[in-house]
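Asker: Below you'll find entry-v4.json; it's JSON, C-alpha atoms and all ligand atoms.
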```json
[["chain", "number", "residue", "atom", "x", "y", "z"],
["A", 1, "MET", "CA", 6.71, -4.99, 11.73],
["A", 2, "LEU", "CA", 6.99, -1.85, 13.82],
["A", 3, "SER", "CA", 10.41, -1.05, 15.25],
["A", 4, "GLU", "CA", 11.02, -1.45, 18.98],
["A", 5, "PHE", "CA", 11.11, 2.32, 19.28],
["A", 6, "ARG", "CA", 7.68, 2.75, 17.72],
["A", 7, "LYS", "CA", 6.33, -0.05, 19.89],
["A", 8, "ARG", "CA", 7.65, 1.81, 22.95],
["A", 9, "LYS", "CA", 5.80, 4.92, 21.85],
["A", 10, "LEU", "CA", 2.55, 2.99, 21.43],
["A", 11, "ASN", "CA", 3.06, 1.39, 24.82],
["A", 12, "ARG", "CA", 3.49, 4.84, 26.32],
["A", 13, "LEU", "CA", 0.23, 5.94, 24.68],
["A", 14, "LEU", "CA", -1.55, 2.98, 26.21],
["A", 15, "VAL", "CA", -0.03, 3.58, 29.65],
["A", 16, "VAL", "CA", -1.11, 7.23, 29.77],
["A", 17, "ASN", "CA", -4.67, 6.26, 28.81],
["A", 18, "ASP", "CA", -4.77, 3.40, 31.34],
["A", 19, "SER", "CA", -5.90, 5.84, 33.99],
["A", 20, "ARG", "CA", -6.69, 3.17, 36.57],
["A", 21, "GLY", "CA", -3.42, 1.31, 35.96],
["A", 22, "LYS", "CA", -4.90, -2.10, 35.25],
["A", 23, "GLY", "CA", -2.72, -2.97, 32.28],
["A", 24, "PHE", "CA", -5.51, -2.59, 29.73],
["A", 25, "ILE", "CA", -7.98, 0.13, 28.79],
["A", 26, "GLU", "CA", -11.70, -0.01, 29.33],
["A", 27, "LYS", "CA", -14.55, 2.45, 29.39],
["A", 28, "ALA", "CA", -14.00, 3.30, 33.06],
["A", 29, "ASP", "CA", -10.52, 4.61, 32.20],
["A", 30, "TYR", "CA", -12.04, 7.03, 29.72],
["A", 31, "GLU", "CA", -14.68, 8.08, 32.23],
["A", 32, "LEU", "CA", -11.98, 8.84, 34.81],
["A", 33, "ILE", "CA", -9.98, 10.82, 32.25],
["A", 34, "PHE", "CA", -13.13, 12.75, 31.42],
["A", 35, "GLU", "CA", -13.67, 13.59, 35.11],
["A", 36, "ARG", "CA", -10.12, 14.92, 35.34],
["A", 37, "LEU", "CA", -10.49, 16.85, 32.07],
["A", 38, "ALA", "CA", -13.77, 18.41, 33.20],
["A", 39, "LYS", "CA", -12.06, 19.62, 36.37],
["A", 40, "ASN", "CA", -8.83, 20.82, 34.73],
["A", 41, "MET", "CA", -10.48, 22.43, 31.71],
["A", 42, "GLU", "CA", -13.36, 23.85, 33.81],
["A", 43, "TRP", "CA", -16.27, 22.25, 31.99],
["A", 44, "ALA", "CA", -18.91, 22.73, 34.66],
["A", 45, "PRO", "CA", -21.53, 19.97, 35.03],
["A", 46, "GLY", "CA", -24.80, 20.96, 33.39],
["A", 47, "THR", "CA", -23.16, 23.15, 30.75],
["A", 48, "GLU", "CA", -23.21, 22.49, 27.05],
["A", 49, "ALA", "CA", -19.40, 22.24, 26.96],
["A", 50, "HIS", "CA", -19.47, 19.53, 29.63],
["A", 51, "ASP", "CA", -22.04, 17.40, 27.82],
["A", 52, "MET", "CA", -20.45, 17.91, 24.43],
["A", 53, "MET", "CA", -17.00, 16.94, 25.68],
["A", 54, "HIS", "CA", -18.36, 13.95, 27.57],
["A", 55, "ALA", "CA", -19.99, 12.73, 24.36],
["A", 56, "ALA", "CA", -16.73, 13.32, 22.49],
["A", 57, "VAL", "CA", -14.70, 11.32, 25.04],
["A", 58, "LEU", "CA", -17.15, 8.42, 24.87],
["A", 59, "GLN", "CA", -17.05, 8.60, 21.09],
["A", 60, "GLY", "CA", -13.26, 8.34, 21.37],
["A", 61, "TRP", "CA", -13.68, 5.21, 23.46],
["A", 62, "GLU", "CA", -16.11, 3.69, 20.96],
["A", 63, "GLY", "CA", -13.66, 4.46, 18.17],
["A", 64, "LEU", "CA", -10.90, 2.67, 20.07],
["A", 65, "VAL", "CA", -13.12, -0.37, 20.62],
["A", 66, "LEU", "CA", -14.03, -0.49, 16.96],
["A", 67, "MET", "CA", -10.41, -0.17, 15.96],
["A", 68, "ALA", "CA", -8.68, -2.36, 18.49],
["A", 69, "ASP", "CA", -10.88, -4.58, 20.68],
["A", 70, "ALA", "CA", -10.34, -7.64, 18.50],
["A", 71, "ASN", "CA", -11.84, -10.19, 20.92],
["A", 72, "LYS", "CA", -14.71, -7.87, 21.87],
["A", 73, "ASP", "CA", -14.36, -8.22, 25.64],
["A", 74, "GLY", "CA", -14.67, -4.48, 26.31],
["A", 75, "ARG", "CA", -10.98, -4.15, 27.08],
["A", 76, "VAL", "CA", -8.16, -3.00, 24.86],
["A", 77, "THR", "CA", -4.86, -4.66, 25.70],
["A", 78, "TYR", "CA", -1.41, -3.57, 24.60],
["A", 79, "GLU", "CA", -1.24, -6.48, 22.13],
["A", 80, "GLU", "CA", -4.60, -5.58, 20.61],
["A", 81, "PHE", "CA", -3.65, -1.92, 20.38],
["A", 82, "LEU", "CA", -0.31, -2.72, 18.78],
["A", 83, "GLN", "CA", -1.82, -5.01, 16.16],
["A", 84, "ALA", "CA", -4.62, -2.60, 15.32],
["A", 85, "THR", "CA", -2.28, 0.35, 14.98],
["A", 86, "GLU", "CA", 0.09, -1.66, 12.82],
["A", 87, "ALA", "CA", -2.82, -2.65, 10.59],
["A", 88, "ILE", "CA", -4.11, 0.87, 9.98],
["A", 89, "ILE", "CA", -0.87, 2.83, 9.89],
["A", 90, "GLY", "CA", -0.45, 2.42, 6.13],
["A", 91, "GLN", "CA", -4.12, 3.04, 5.34],
["A", 92, "LYS", "CA", -4.53, 6.76, 5.15],
["A", 93, "GLU", "CA", -8.31, 6.85, 5.43],
["A", 94, "LEU", "CA", -8.46, 4.67, 8.55],
["A", 95, "PHE", "CA", -5.43, 6.36, 10.06],
["A", 96, "ASP", "CA", -7.04, 9.77, 9.62],
["A", 97, "GLN", "CA", -10.34, 8.55, 11.00],
["A", 98, "PHE", "CA", -9.07, 6.82, 14.12],
["A", 99, "VAL", "CA", -5.79, 8.51, 14.92],
["A", 100, "MET", "CA", -5.83, 12.01, 13.51],
["A", 101, "GLY", "CA", -9.48, 12.38, 14.53],
["A", 102, "GLN", "CA", -8.40, 11.84, 18.14],
["A", 103, "VAL", "CA", -5.61, 14.38, 17.78],
["A", 104, "GLU", "CA", -8.10, 16.94, 16.43],
["A", 105, "MET", "CA", -10.36, 16.28, 19.39],
["A", 106, "GLY", "CA", -7.43, 16.65, 21.79],
["A", 107, "LEU", "CA", -6.64, 20.04, 20.28],
["A", 108, "ILE", "CA", -10.20, 21.25, 20.81],
["A", 109, "GLN", "CA", -10.23, 19.96, 24.39],
["A", 110, "ALA", "CA", -6.85, 21.44, 25.30],
["A", 111, "ASP", "CA", -7.64, 24.90, 23.90],
["A", 112, "LYS", "CA", -9.28, 26.21, 27.03],
["A", 113, "ASN", "CA", -9.77, 29.81, 25.85],
["A", 114, "ARG", "CA", -10.58, 28.70, 22.27],
["A", 115, "ASP", "CA", -8.14, 31.00, 20.51],
["A", 116, "GLY", "CA", -6.85, 28.29, 18.19],
["A", 117, "GLN", "CA", -3.53, 27.68, 19.90],
["A", 118, "ILE", "CA", -2.33, 25.88, 23.00],
["A", 119, "THR", "CA", -0.23, 27.60, 25.66],
["A", 120, "ILE", "CA", 1.96, 25.72, 28.10],
["A", 121, "THR", "CA", -0.63, 26.29, 30.86],
["A", 122, "GLU", "CA", -3.40, 24.83, 28.70],
["A", 123, "PHE", "CA", -1.17, 21.94, 27.67],
["A", 124, "ILE", "CA", -0.27, 21.04, 31.25],
["A", 125, "ALA", "CA", -3.94, 21.19, 32.30],
["A", 126, "TYR", "CA", -4.83, 18.89, 29.43],
["A", 127, "LEU", "CA", -2.01, 16.34, 29.67],
["A", 128, "THR", "CA", -2.16, 15.95, 33.44],
["A", 129, "SER", "CA", -5.71, 14.66, 32.95],
["A", 130, "TYR", "CA", -3.95, 11.57, 31.63],
["A", 131, "ASN", "CA", -1.26, 9.66, 33.52],
["A", 132, "ILE", "CA", 1.27, 12.38, 32.79],
["A", 133, "THR", "CA", 2.96, 14.63, 35.35],
["A", 134, "ALA", "CA", 3.22, 18.41, 35.03],
["A", 135, "ASP", "CA", 7.02, 18.10, 34.68],
["A", 136, "GLU", "CA", 6.65, 15.61, 31.84],
["A", 137, "ALA", "CA", 4.05, 17.82, 30.14],
["A", 138, "THR", "CA", 6.33, 20.86, 30.45],
["A", 139, "LEU", "CA", 9.25, 19.02, 28.90],
["A", 140, "ALA", "CA", 7.00, 17.71, 26.13],
["A", 141, "PHE", "CA", 5.72, 21.20, 25.35],
["A", 142, "TYR", "CA", 9.19, 22.52, 24.55],
["A", 143, "HIS", "CA", 9.77, 19.69, 22.08],
["A", 144, "LEU", "CA", 6.33, 19.86, 20.46],
["A", 145, "ASP", "CA", 6.48, 23.65, 19.98],
["A", 146, "ARG", "CA", 8.43, 23.16, 16.77],
["A", 147, "ASN", "CA", 9.07, 26.84, 16.02],
["A", 148, "GLY", "CA", 9.64, 27.75, 19.67],
["A", 149, "ASP", "CA", 7.11, 30.61, 19.74],
["A", 150, "GLY", "CA", 5.43, 29.49, 22.96],
["A", 151, "PHE", "CA", 2.28, 28.13, 21.30],
["A", 152, "LEU", "CA", 1.26, 24.79, 19.87],
["A", 153, "THR", "CA", -0.71, 25.23, 16.67],
["A", 154, "ARG", "CA", -2.84, 22.75, 14.80],
["A", 155, "ASP", "CA", -0.21, 22.41, 12.07],
["A", 156, "GLU", "CA", 2.51, 21.69, 14.61],
["A", 157, "MET", "CA", 0.41, 19.09, 16.39],
["A", 158, "MET", "CA", -0.58, 17.35, 13.18],
["A", 159, "GLN", "CA", 3.10, 17.07, 12.24],
["A", 160, "ASN", "CA", 3.90, 15.91, 15.78],
["A", 161, "ALA", "CA", 1.24, 13.21, 15.59],
["A", 162, "VAL", "CA", 2.61, 11.93, 12.30],
["A", 163, "ASP", "CA", 6.09, 11.83, 13.89],
["A", 164, "PHE", "CA", 4.74, 9.98, 16.89],
["A", 165, "PHE", "CA", 3.09, 7.22, 14.88],
["A", 166, "THR", "CA", 5.43, 6.89, 11.93],
["A", 167, "SER", "CA", 8.93, 8.16, 12.76],
["A", 168, "ASP", "CA", 11.88, 6.04, 13.79],
["A", 169, "ASP", "CA", 14.04, 9.11, 14.34],
["A", 170, "PRO", "CA", 14.77, 9.37, 18.08],
["A", 171, "ALA", "CA", 15.16, 13.15, 17.67],
["A", 172, "ALA", "CA", 11.75, 13.76, 16.06],
["A", 173, "PRO", "CA", 9.88, 16.36, 18.15],
["A", 174, "GLY", "CA", 6.59, 14.48, 17.84],
["A", 175, "ASN", "CA", 7.98, 11.56, 19.86],
["A", 176, "TRP", "CA", 7.02, 13.75, 22.85],
["A", 177, "LEU", "CA", 3.29, 13.76, 22.02],
["A", 178, "VAL", "CA", 2.38, 12.23, 25.38],
["A", 179, "GLY", "CA", 5.55, 13.01, 27.32],
["A", 180, "PRO", "CA", 8.86, 11.14, 27.42],
["A", 181, "VAL", "CA", 8.96, 7.69, 25.82],
["B", 1, "CA", "CA", -10.04, -7.01, 24.02],
["B", 2, "CA", "CA", -5.66, 28.61, 23.77],
["B", 3, "CA", "CA", 4.69, 26.98, 17.95]]
```
Could you express the structure from this file as structure tokens?
Ligand SMILES: [Ca+2]
Ligand SMILES: [Ca+2]
Ligand SMILES: [Ca+2]
Answerer:
Amino acid sequence: MLSEFRKRKLNRLLVVNDSRGKGFIEKADYELIFERLAKNMEWAPGTEAHDMMHAAVLQGWEGLVLMADANKDGRVTYEEFLQATEAIIGQKELFDQFVMGQVEMGLIQADKNRDGQITITEFIAYLTSYNITADEATLAFYHLDRNGDGFLTRDEMMQNAVDFFTSDDPAAPGNWLVGPV
């Protein structure tokens, strides 16, 4: 069983992805997040970046369905998400495929100028595409920037993601992956 703290983190992850605030996630939530991302990250309609990122976001949705939509009704509820995450957390291959794959994609999407690291401005633009405020994103950035150099690197974010999904330490920086829990 996951601890209450880890359940709270997973609930937070669901809430920030529930862009229309219906209490469950469906494709339309991902479409809305994509619209916000396209605006914030300046992927202009008709460009290759726009189409590629749209395909990636939809692929993310399909991955979530495959992983968590147990009753196949096109909606992922908190209960379904919790059970699916609990089931794959100890299985490295599935965990890497479904969870770390999404983190990798997030890194690519957030890196607006494609220099391999995320600045606070890029991070705010990315996170506010979800149900996360700029203040929450700012606070999160300072925790997630583990060496305090003003940039989030791939290594830092991979460690943060592992913290987020597996740590019971309330002081672990990665707890801030999607803002305050
Ligand atoms: Ca379902
Ligand atoms: Ca960058
Ligand atoms: Ca750093």
Asker: Would you name the residues within 10 Å of ligand CA 1 (chain B), counting only C-alpha atoms and all ligand atoms, and put them as a PyMOL selection string?
Answerer: chain A and resi 24-26+65+68-81
Asker: Using all atoms listed in the file, which residues of the polymer chains come no farther than 10 Å from ligand CA 2 (chain B)? I'd like the answer as an MDAnalysis selection string.
Answerer: chainID A and resid 107:123 151:153
Asker: Enumerate, in order of chain and increasing residue number, the residues of stretch 1-40 of chain A with an atom no farther than 7 Å from stretch 57-62 of chain A, each with its shortest atom pair and distance in Å to one decimal, counting all atoms listed in the file, as JSON lines.
Answerer:
```
{"residue": "A:Lys27", "atom": "CA", "partner": "A:Trp61", "partner_atom": "CA", "distance": 6.6}
{"residue": "A:Tyr30", "atom": "CA", "partner": "A:Trp61", "partner_atom": "CA", "distance": 6.7}
{"residue": "A:Phe34", "atom": "CA", "partner": "A:Val57", "partner_atom": "CA", "distance": 6.7}
```
Asker: Which is closer to ligand CA 3 (chain B) than all the others in A:Asn147, A:Asn175, A:Asn160, A:Thr133, using all atoms listed in the file?
Answerer: A:Asn147
Asker: Near A:Ala171, counting all atoms listed in the file, which residues have an atom at most 12 Å away, once you skip same-chain residues fewer than 3 positions from it, shown as a VMD selection string?
Answerer: chain A and resid 5 143 to 144 160 163 to 164 167 to 168 174 to 176 180 to 181
Asker: Would you mind telling me which residue in A:Met157, A:Pro170, A:Ile132, A:Val178 lies nearest to ligand CA 3 (chain B) when using all atoms listed in the file?
Answerer: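 Looking at the shortest contact to ligand CA 3 (chain B), the residue is A:Met157.
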Asker: Nearest residue to A:Arg12 out of A:Leu66, A:Ile33, A:Leu177, A:Gly148, using only C-alpha atoms?
Answerer: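 Distance minimum relative to A:Arg12 lands on A:Leu177.
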Asker: I need the residue nearest A:Met53 from this list: A:Met100, A:Leu10, A:Met105, A:Ala134. Use only C-alpha atoms for the distance.
Answerer: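 Using only C-alpha atoms, A:Met53 sits closest to A:Met105.
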Asker: Of the residues A:Leu94, A:Asp149, A:Gly179, A:Ala161, which is the one nearest to ligand CA 3 (chain B), using all atoms listed in the file?
Answerer: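 For ligand CA 3 (chain B), the nearest of the candidates is A:Asp149.
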Asker: Can you list, as an mmCIF file with C-alpha atoms, in the coordinates of the input, every protein, DNA or RNA residue that comes within 12 Å of A:Lys39 when you count all atoms listed in the file, leaving out same-chain residues fewer than 4 positions away?
Answerer:
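Final output, out_15.cif:
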```
data_model
loop_
_atom_site.group_PDB
_atom_site.id
_atom_site.type_symbol
_atom_site.label_atom_id
_atom_site.label_comp_id
_atom_site.auth_asym_id
_atom_site.auth_seq_id
_atom_site.Cartn_x
_atom_site.Cartn_y
_atom_site.Cartn_z
ATOM 1 C CA LEU A 32 -11.980 8.840 34.810
ATOM 2 C CA ILE A 33 -9.980 10.820 32.250
ATOM 3 C CA PHE A 34 -13.130 12.750 31.420
ATOM 4 C CA GLU A 35 -13.670 13.590 35.110
ATOM 5 C CA TRP A 43 -16.270 22.250 31.990
ATOM 6 C CA ALA A 44 -18.910 22.730 34.660
ATOM 7 C CA PRO A 45 -21.530 19.970 35.030
ATOM 8 C CA HIS A 50 -19.470 19.530 29.630
ATOM 9 C CA LYS A 112 -9.280 26.210 27.030
ATOM 10 C CA ALA A 125 -3.940 21.190 32.300
ATOM 11 C CA TYR A 126 -4.830 18.890 29.430
ATOM 12 C CA THR A 128 -2.160 15.950 33.440
ATOM 13 C CA SER A 129 -5.710 14.660 32.950
#
```
Asker: Calculate how many Å separate atom CA of A:Asp29 from atom CA of A:Gln83, rounding to one decimal.
Answerer: 20.6 Å
Asker: Nearest to A:Gln159: which of A:Val103, A:Ala55, A:Leu82, A:Ala28 is it, counting only C-alpha atoms?
Answerer: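 Of all the options, A:Val103 lies closest to A:Gln159.
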Asker: If I only want stretch 88-174 of chain A, can you write it with C-alpha atoms, as a short mmCIF file (atom, residue, chain, number, x, y, z; two decimals), in the first residue's frame?
Answerer:
```
data_model
loop_
_atom_site.label_atom_id
_atom_site.label_comp_id
_atom_site.auth_asym_id
_atom_site.auth_seq_id
_atom_site.Cartn_x
_atom_site.Cartn_y
_atom_site.Cartn_z
CA ILE A 88 3.63 -0.47 -11.88
CA ILE A 89 5.77 1.33 -9.33
CA GLY A 90 7.85 -1.76 -8.54
CA GLN A 91 8.16 -2.86 -12.16
CA LYS A 92 11.05 -0.95 -13.59
CA GLU A 93 10.28 -1.55 -17.25
CA LEU A 94 6.65 -0.40 -17.01
CA PHE A 95 7.55 2.45 -14.70
CA ASP A 96 10.15 3.71 -17.16
CA GLN A 97 7.77 3.33 -20.08
CA PHE A 98 4.74 5.06 -18.60
CA VAL A 99 6.13 7.41 -16.00
CA MET A 100 9.67 8.33 -16.93
CA GLY A 101 8.67 8.51 -20.59
CA GLN A 102 6.23 11.27 -19.68
CA VAL A 103 8.89 13.09 -17.69
CA GLU A 104 11.24 12.94 -20.70
CA MET A 105 8.50 14.36 -22.89
CA GLY A 106 7.82 17.13 -20.36
CA LEU A 107 11.50 18.09 -20.46
CA ILE A 108 11.46 18.38 -24.24
CA GLN A 109 8.25 20.43 -24.17
CA ALA A 110 9.43 22.78 -21.42
CA ASP A 111 12.81 23.50 -23.05
CA LYS A 112 11.58 26.33 -25.21
CA ASN A 113 14.98 27.38 -26.62
CA ARG A 114 16.20 23.74 -26.82
CA ASP A 115 19.48 24.26 -25.00
CA GLY A 116 19.07 21.17 -22.84
CA GLN A 117 18.14 22.92 -19.61
CA ILE A 118 15.06 24.58 -18.18
CA THR A 119 15.11 28.14 -16.85
CA ILE A 120 12.55 29.47 -14.41
CA THR A 121 10.82 31.37 -17.24
CA GLU A 122 10.54 28.20 -19.32
CA PHE A 123 9.37 26.23 -16.30
CA ILE A 124 6.62 28.72 -15.45
CA ALA A 125 5.43 28.79 -19.08
CA TYR A 126 5.28 25.00 -19.06
CA LEU A 127 3.69 24.36 -15.67
CA THR A 128 1.04 27.06 -15.98
CA SER A 129 -0.29 25.11 -18.98
CA TYR A 130 -1.52 22.70 -16.32
CA ASN A 131 -3.67 23.70 -13.35
CA ILE A 132 -0.69 25.28 -11.64
CA THR A 133 -0.24 28.97 -10.84
CA ALA A 134 2.90 30.96 -11.64
CA ASP A 135 3.55 31.38 -7.90
CA GLU A 136 3.34 27.63 -7.34
CA ALA A 137 5.61 26.98 -10.32
CA THR A 138 8.16 29.51 -9.02
CA LEU A 139 8.23 27.90 -5.60
CA ALA A 140 8.54 24.46 -7.18
CA PHE A 141 11.47 25.57 -9.33
CA TYR A 142 13.59 26.51 -6.33
CA HIS A 143 13.06 23.07 -4.79
CA LEU A 144 13.57 21.11 -8.02
CA ASP A 145 16.79 22.96 -8.90
CA ARG A 146 18.75 20.61 -6.67
CA ASN A 147 22.15 22.30 -7.04
CA GLY A 148 20.69 25.81 -7.02
CA ASP A 149 22.38 26.93 -10.24
CA GLY A 150 19.24 28.42 -11.78
CA PHE A 151 18.66 25.62 -14.28
CA LEU A 152 16.81 22.33 -14.21
CA THR A 153 18.77 19.62 -15.99
CA ARG A 154 17.63 16.24 -17.19
CA ASP A 155 19.53 14.51 -14.38
CA GLU A 156 17.90 16.70 -11.75
CA MET A 157 14.43 16.12 -13.16
CA MET A 158 14.91 12.36 -13.39
CA GLN A 159 15.93 12.32 -9.72
CA ASN A 160 13.00 14.61 -8.89
CA ALA A 161 10.57 12.28 -10.65
CA VAL A 162 11.88 9.28 -8.74
CA ASP A 163 11.43 11.27 -5.50
CA PHE A 164 7.92 12.23 -6.49
CA PHE A 165 6.76 8.69 -7.14
CA THR A 166 8.75 6.73 -4.59
CA SER A 167 9.83 8.91 -1.66
CA ASP A 168 8.10 9.18 1.68
CA ASP A 169 10.50 11.88 2.83
CA PRO A 170 8.51 15.12 3.20
CA ALA A 171 11.74 17.08 2.53
CA ALA A 172 12.58 15.38 -0.79
CA PRO A 173 12.95 18.09 -3.46
CA GLY A 174 11.11 16.01 -6.05
#
```
